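Source file: my_file_15.csv. Holds: CSV, N, CA and C atoms.
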chain,number,residue,atom,x,y,z
J,11,MET,N,25.2,166.3,-48.6
J,11,MET,CA,24.4,167.6,-48.5
J,11,MET,C,23.0,167.2,-48.2
J,12,SER,N,22.4,168.1,-47.4
J,12,SER,CA,21.0,167.9,-47.1
J,12,SER,C,20.2,169.2,-47.4
J,13,LEU,N,19.0,169.0,-48.0
J,13,LEU,CA,18.1,170.1,-48.3
J,13,LEU,C,17.3,170.4,-47.0
J,14,PHE,N,17.2,169.5,-46.1
J,14,PHE,CA,16.4,169.7,-44.9
J,14,PHE,C,17.2,170.2,-43.7
J,15,GLY,N,18.5,170.1,-43.8
J,15,GLY,CA,19.4,170.5,-42.7
J,15,GLY,C,19.8,169.5,-41.7
J,16,TYR,N,20.9,169.7,-41.1
J,16,TYR,CA,21.4,168.8,-40.1
J,16,TYR,C,21.3,169.6,-38.8
J,17,PRO,N,20.8,168.9,-37.7
J,17,PRO,CA,21.0,169.6,-36.4
J,17,PRO,C,22.5,169.5,-36.1
J,18,ALA,N,23.1,170.6,-35.7
J,18,ALA,CA,24.5,170.7,-35.6
J,18,ALA,C,24.9,171.6,-34.4
J,19,THR,N,26.1,171.4,-34.0
J,19,THR,CA,26.8,172.3,-33.1
J,19,THR,C,27.7,173.1,-33.9
J,20,VAL,N,27.5,174.4,-33.9
J,20,VAL,CA,28.4,175.3,-34.7
J,20,VAL,C,29.2,176.1,-33.7
J,21,THR,N,30.3,176.6,-34.1
J,21,THR,CA,31.1,177.5,-33.4
J,21,THR,C,31.1,178.9,-34.0
J,22,HIS,N,30.5,179.8,-33.3
J,22,HIS,CA,30.4,181.2,-33.8
J,22,HIS,C,31.6,182.0,-33.3
J,23,TYR,N,32.4,182.5,-34.3
J,23,TYR,CA,33.6,183.3,-34.0
J,23,TYR,C,33.2,184.7,-34.1
J,24,LYS,N,33.0,185.4,-32.9
J,24,LYS,CA,32.5,186.8,-32.9
J,24,LYS,C,33.7,187.7,-33.0
J,25,ALA,N,33.7,188.6,-33.9
J,25,ALA,CA,34.8,189.5,-34.2
J,25,ALA,C,35.0,190.5,-33.1
J,26,GLN,N,36.2,190.7,-32.6
J,26,GLN,CA,36.6,191.7,-31.7
J,26,GLN,C,37.1,192.9,-32.5
J,27,THR,N,36.6,194.1,-32.2
J,27,THR,CA,37.0,195.3,-33.0
J,27,THR,C,37.7,196.3,-32.2
J,28,ASP,N,38.6,197.1,-32.8
J,28,ASP,CA,39.2,198.2,-32.1
J,28,ASP,C,38.4,199.5,-32.2
J,29,ASN,N,39.0,200.6,-31.8
J,29,ASN,CA,38.3,201.9,-31.9
J,29,ASN,C,38.0,202.3,-33.3
J,30,TRP,N,38.7,201.8,-34.2
J,30,TRP,CA,38.4,202.2,-35.6
J,30,TRP,C,37.6,201.2,-36.4
J,31,ASN,N,37.0,200.3,-35.6
J,31,ASN,CA,36.1,199.2,-36.2
J,31,ASN,C,36.9,198.2,-37.0
J,32,ARG,N,38.2,198.0,-36.8
J,32,ARG,CA,38.9,197.0,-37.5
J,32,ARG,C,38.9,195.7,-36.6
J,33,VAL,N,38.9,194.6,-37.3
J,33,VAL,CA,38.9,193.3,-36.6
J,33,VAL,C,40.3,193.0,-36.0
J,34,SER,N,40.3,192.8,-34.6
J,34,SER,CA,41.6,192.6,-34.0
J,34,SER,C,41.7,191.2,-33.4
J,35,GLY,N,40.6,190.4,-33.5
J,35,GLY,CA,40.7,189.0,-33.1
J,35,GLY,C,39.2,188.5,-33.0
J,36,TYR,N,39.1,187.2,-32.6
J,36,TYR,CA,37.8,186.5,-32.6
J,36,TYR,C,37.7,185.8,-31.2
J,37,SER,N,36.4,185.8,-30.7
J,37,SER,CA,36.2,185.0,-29.5
J,37,SER,C,35.1,183.9,-29.9
J,38,PRO,N,35.5,182.6,-29.7
J,38,PRO,CA,34.6,181.6,-30.1
J,38,PRO,C,33.4,181.3,-29.1
J,39,GLU,N,32.3,181.0,-29.6
J,39,GLU,CA,31.1,180.6,-28.8
J,39,GLU,C,30.4,179.5,-29.5
J,40,VAL,N,30.2,178.4,-28.7
J,40,VAL,CA,29.5,177.2,-29.3
J,40,VAL,C,28.0,177.3,-29.1
J,41,LYS,N,27.3,177.0,-30.3
J,41,LYS,CA,25.8,177.2,-30.3
J,41,LYS,C,25.2,176.0,-31.0
J,42,SER,N,23.9,175.7,-30.6
J,42,SER,CA,23.1,174.7,-31.3
J,42,SER,C,22.5,175.4,-32.5
J,43,ALA,N,22.4,174.7,-33.7
J,43,ALA,CA,21.8,175.3,-34.9
J,43,ALA,C,21.4,174.2,-35.8
J,44,LYS,N,20.7,174.6,-36.9
J,44,LYS,CA,20.4,173.7,-38.0
J,44,LYS,C,21.1,174.3,-39.2
J,45,VAL,N,21.9,173.4,-39.9
J,45,VAL,CA,22.7,173.8,-41.0
J,45,VAL,C,22.1,173.2,-42.3
J,46,VAL,N,21.7,174.0,-43.2
J,46,VAL,CA,21.2,173.5,-44.5
J,46,VAL,C,22.3,173.9,-45.6
J,47,GLU,N,22.9,172.8,-46.1
J,47,GLU,CA,23.9,173.0,-47.2
J,47,GLU,C,23.2,173.0,-48.5
J,48,GLU,N,23.2,174.2,-49.1
J,48,GLU,CA,22.5,174.4,-50.4
J,48,GLU,C,23.0,175.6,-51.1
J,49,GLN,N,23.4,175.5,-52.3
J,49,GLN,CA,23.9,176.6,-53.1
J,49,GLN,C,22.7,177.4,-53.6
J,50,LYS,N,22.8,178.7,-53.4
J,50,LYS,CA,21.8,179.6,-54.0
J,50,LYS,C,22.4,181.0,-54.1
J,51,GLU,N,21.8,181.8,-55.0
J,51,GLU,CA,22.2,183.2,-55.1
J,51,GLU,C,21.4,184.1,-54.2
J,52,ILE,N,22.1,185.0,-53.4
J,52,ILE,CA,21.4,185.9,-52.5
J,52,ILE,C,22.0,187.3,-52.7
J,53,LYS,N,21.3,188.3,-52.1
J,53,LYS,CA,21.9,189.6,-52.1
J,53,LYS,C,22.5,189.9,-50.8
J,54,ASN,N,23.7,190.4,-50.8
J,54,ASN,CA,24.4,190.7,-49.5
J,54,ASN,C,24.0,192.1,-49.0
J,55,GLY,N,24.6,192.6,-48.0
J,55,GLY,CA,24.3,193.9,-47.4
J,55,GLY,C,24.5,195.1,-48.3
J,56,GLN,N,25.3,194.9,-49.4
J,56,GLN,CA,25.6,196.0,-50.3
J,56,GLN,C,24.7,195.9,-51.6
J,57,GLY,N,23.8,194.9,-51.6
J,57,GLY,CA,22.9,194.7,-52.7
J,57,GLY,C,23.5,193.9,-53.9
J,58,GLU,N,24.7,193.4,-53.7
J,58,GLU,CA,25.3,192.6,-54.7
J,58,GLU,C,24.8,191.1,-54.7
J,59,GLU,N,24.7,190.5,-55.8
J,59,GLU,CA,24.3,189.1,-55.8
J,59,GLU,C,25.5,188.2,-55.6
J,60,VAL,N,25.5,187.4,-54.6
J,60,VAL,CA,26.6,186.5,-54.2
J,60,VAL,C,26.1,185.1,-54.1
J,61,GLN,N,27.1,184.2,-54.1
J,61,GLN,CA,26.8,182.7,-54.0
J,61,GLN,C,26.8,182.3,-52.5
J,62,SER,N,25.7,181.7,-52.0
J,62,SER,CA,25.6,181.2,-50.7
J,62,SER,C,25.7,179.7,-50.7
J,63,ASN,N,26.5,179.1,-49.8
J,63,ASN,CA,26.7,177.7,-49.8
J,63,ASN,C,25.9,177.0,-48.6
J,64,ALA,N,25.4,177.8,-47.7
J,64,ALA,CA,24.8,177.2,-46.5
J,64,ALA,C,23.9,178.3,-45.8
J,65,GLU,N,22.9,177.8,-45.1
J,65,GLU,CA,22.1,178.6,-44.2
J,65,GLU,C,22.3,178.0,-42.8
J,66,ILE,N,22.5,178.9,-41.9
J,66,ILE,CA,22.7,178.5,-40.5
J,66,ILE,C,21.5,179.0,-39.7
J,67,HIS,N,20.6,178.2,-39.2
J,67,HIS,CA,19.4,178.6,-38.5
J,67,HIS,C,19.7,178.6,-37.0
J,68,LEU,N,19.6,179.8,-36.3
J,68,LEU,CA,19.9,179.9,-34.9
J,68,LEU,C,18.6,180.4,-34.2
J,69,GLU,N,18.2,179.7,-33.1
J,69,GLU,CA,17.0,180.1,-32.4
J,69,GLU,C,17.2,181.3,-31.6
J,70,GLY,N,16.2,182.2,-31.5
J,70,GLY,CA,16.2,183.3,-30.6
J,70,GLY,C,17.0,184.5,-31.1
J,71,VAL,N,17.2,185.5,-30.2
J,71,VAL,CA,18.0,186.7,-30.5
J,71,VAL,C,19.5,186.3,-30.5
J,72,GLN,N,20.2,186.8,-31.6
J,72,GLN,CA,21.6,186.5,-31.7
J,72,GLN,C,22.4,187.8,-32.0
J,73,ASP,N,23.6,187.9,-31.5
J,73,ASP,CA,24.4,189.1,-31.8
J,73,ASP,C,25.4,188.7,-32.8
J,74,ILE,N,25.2,189.0,-34.1
J,74,ILE,CA,26.0,188.6,-35.2
J,74,ILE,C,26.3,189.8,-36.1
J,75,SER,N,27.5,189.9,-36.5
J,75,SER,CA,27.9,191.0,-37.4
J,75,SER,C,28.5,190.4,-38.7
J,76,SER,N,28.7,191.2,-39.7
J,76,SER,CA,29.2,190.7,-41.0
J,76,SER,C,30.6,190.3,-41.0
J,77,SER,N,31.3,190.7,-39.9
J,77,SER,CA,32.8,190.4,-39.7
J,77,SER,C,32.9,189.0,-39.1
J,78,ASP,N,31.9,188.4,-38.6
J,78,ASP,CA,31.9,187.1,-37.9
J,78,ASP,C,32.0,186.0,-38.9
J,79,TYR,N,32.4,184.8,-38.4
J,79,TYR,CA,32.3,183.6,-39.2
J,79,TYR,C,31.9,182.4,-38.3
J,80,PHE,N,31.4,181.3,-39.0
J,80,PHE,CA,31.0,180.1,-38.3
J,80,PHE,C,31.8,178.9,-38.8
J,81,GLU,N,32.0,177.9,-37.9
J,81,GLU,CA,32.6,176.6,-38.3
J,81,GLU,C,31.7,175.5,-37.7
J,82,TYR,N,31.6,174.4,-38.5
J,82,TYR,CA,30.9,173.2,-38.0
J,82,TYR,C,31.5,172.0,-38.7
J,83,VAL,N,31.2,170.9,-38.2
J,83,VAL,CA,31.7,169.6,-38.7
J,83,VAL,C,30.5,169.0,-39.5
J,84,ASN,N,30.6,168.8,-40.8
J,84,ASN,CA,29.5,168.3,-41.6
J,84,ASN,C,29.4,166.7,-41.4
J,85,ALA,N,28.4,166.1,-42.2
J,85,ALA,CA,28.2,164.7,-42.1
J,85,ALA,C,29.4,163.9,-42.6
J,86,LEU,N,30.2,164.4,-43.4
J,86,LEU,CA,31.4,163.7,-43.8
J,86,LEU,C,32.6,163.8,-42.9
J,87,GLY,N,32.4,164.5,-41.8
J,87,GLY,CA,33.5,164.7,-40.8
J,87,GLY,C,34.5,165.8,-41.1
J,88,ARG,N,34.1,166.7,-42.0
J,88,ARG,CA,35.0,167.8,-42.4
J,88,ARG,C,34.6,169.0,-41.7
J,89,THR,N,35.5,169.8,-41.2
J,89,THR,CA,35.3,171.1,-40.6
J,89,THR,C,35.1,172.1,-41.7
J,90,VAL,N,33.9,172.8,-41.7
J,90,VAL,CA,33.6,173.8,-42.8
J,90,VAL,C,33.5,175.1,-42.2
J,91,ARG,N,34.1,176.1,-42.8
J,91,ARG,CA,34.0,177.5,-42.4
J,91,ARG,C,33.1,178.3,-43.3
J,92,TYR,N,32.2,179.1,-42.7
J,92,TYR,CA,31.3,179.9,-43.4
J,92,TYR,C,31.4,181.3,-43.0
J,93,ASP,N,31.8,182.2,-43.9
J,93,ASP,CA,31.8,183.7,-43.5
J,93,ASP,C,30.4,184.2,-43.7
J,94,VAL,N,30.0,185.2,-42.9
J,94,VAL,CA,28.7,185.7,-42.9
J,94,VAL,C,28.6,186.6,-44.2
J,95,GLN,N,27.6,186.3,-45.0
J,95,GLN,CA,27.3,187.1,-46.2
J,95,GLN,C,26.0,187.9,-46.1
J,96,HIS,N,25.0,187.3,-45.3
J,96,HIS,CA,23.7,188.0,-45.2
J,96,HIS,C,23.1,187.5,-43.9
J,97,ILE,N,22.4,188.3,-43.2
J,97,ILE,CA,21.7,187.9,-42.0
J,97,ILE,C,20.2,188.2,-42.2
J,98,GLU,N,19.3,187.2,-41.9
J,98,GLU,CA,17.9,187.4,-42.0
J,98,GLU,C,17.3,187.1,-40.6
J,99,ILE,N,16.4,188.0,-40.2
J,99,ILE,CA,15.7,187.8,-38.9
J,99,ILE,C,14.3,187.5,-39.1
J,100,LYS,N,13.8,186.4,-38.5
J,100,LYS,CA,12.4,185.9,-38.6
J,100,LYS,C,11.8,186.2,-37.2
J,101,LYS,N,10.6,186.9,-37.3
J,101,LYS,CA,9.9,187.2,-36.0
J,101,LYS,C,8.6,186.5,-35.9
J,102,GLN,N,8.0,186.4,-34.7
J,102,GLN,CA,6.7,185.8,-34.5
J,102,GLN,C,5.7,186.6,-35.2
J,103,MET,N,4.7,186.0,-35.8
J,103,MET,CA,3.7,186.7,-36.6
J,103,MET,C,3.0,187.8,-35.7
J,104,GLY,N,3.1,189.0,-36.2
J,104,GLY,CA,2.4,190.1,-35.5
J,104,GLY,C,3.0,190.7,-34.3
J,105,THR,N,4.3,190.3,-34.0
J,105,THR,CA,5.0,190.8,-32.9
J,105,THR,C,6.4,191.2,-33.2
J,106,ASP,N,7.1,191.8,-32.3
J,106,ASP,CA,8.5,192.1,-32.5
J,106,ASP,C,9.5,191.0,-31.9
J,107,GLU,N,8.9,189.9,-31.4
J,107,GLU,CA,9.6,188.9,-30.7
J,107,GLU,C,10.4,188.0,-31.8
J,108,VAL,N,11.7,187.9,-31.6
J,108,VAL,CA,12.5,187.2,-32.6
J,108,VAL,C,12.4,185.7,-32.4
J,109,LYS,N,12.0,185.1,-33.5
J,109,LYS,CA,11.8,183.6,-33.5
J,109,LYS,C,13.1,182.9,-33.8
J,110,LYS,N,13.8,183.4,-34.9
J,110,LYS,CA,15.1,182.8,-35.2
J,110,LYS,C,15.9,183.7,-36.1
J,111,VAL,N,17.2,183.5,-36.2
J,111,VAL,CA,18.1,184.2,-37.1
J,111,VAL,C,18.7,183.3,-38.1
J,112,ILE,N,18.6,183.6,-39.4
J,112,ILE,CA,19.2,182.8,-40.4
J,112,ILE,C,20.4,183.5,-41.0
J,113,VAL,N,21.6,182.8,-40.9
J,113,VAL,CA,22.8,183.4,-41.4
J,113,VAL,C,23.2,182.7,-42.7
J,114,TYR,N,23.4,183.4,-43.8
J,114,TYR,CA,23.8,182.9,-45.1
J,114,TYR,C,25.3,183.0,-45.2
J,115,GLY,N,26.0,181.9,-45.5
J,115,GLY,CA,27.4,181.9,-45.6
J,115,GLY,C,27.9,181.3,-46.9

Is it possible to give me this structure as structure tokens?
Amino acid sequence: MSLFGYPATVTHYKAQTDNWNRVSGYSPEVKSAKVVEEQKEIKNGQGEEVQSNAEIHLEGVQDISSSDYFEYVNALGRTVRYDVQHIEIKKQMGTDEVKKVIVYG
């Protein structure tokens, strides 16, 4: 585990939804990211306190929903899956330009 994060290649599995907003499949997309494996308590979209095991830092504007999930291979060579629990958007100071998106999983 690293508190400073690993530069990593993550696979973002984007949820495909039907007309009733139910997940009908996933489409994978490979992205560059920084992954910080650290356990902490966060609040999810419903305001509940949940346990987060990792932060995935993605540069620029990202299209992510709470139905998506991410996979990456950690330093031990194991493939780890992280379901999206919370999304945080960081912007450039004083502008609406998105600097990065942090996904908690």

At what distance in Å, to one decimal, does atom N of Thr19 in chain J lie from atom N of Lys41 in chain J?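 Calculated distance between atom N of Lys41 in chain J and atom N of Thr19 in chain J is 6.8 Å.
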
Would you compute an axis-aligned box for range 16-22 of chain J, covering every atom listed for it in the file with 8 Å of margin on each side, and report centre and edge lengths in Å to one decimal as lines of an AutoDock Vina configuration file?
center_x = 26.2
center_y = 175.4
center_z = -37.1
size_x = 26.8
size_y = 29.2
size_z = 24.0

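Distance-wise, CA of Leu68 in chain J and atom N of Phe80 in chain J end up 12.3 Å apart.
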
Between J:Ala18, J:Met103, J:Val46, J:Ala25, single out the one closest to Ala64 in chain J, counting all atoms listed in the file.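 The answer is J:Val46, which sits nearest to Ala64 in chain J.
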
Contacts of Asn31 in chain J at 12 Å or less, counting only C-alpha atoms, minus same-chain residues fewer than 6 places along, as a list in words? Ala25, Ser75, Ser76 and Ser77 of chain J

Residues near range 96-102 of chain J, anyone? I mean within 7 Å using only C-alpha atoms, not counting same-chain ones fewer than 4 positions away, as a VMD selection string. chain J and resid 54 to 55 106 to 114

Quick one, how far is atom N of Gly115 in chain J from atom C of Ser34 in chain J? 21.9 Å
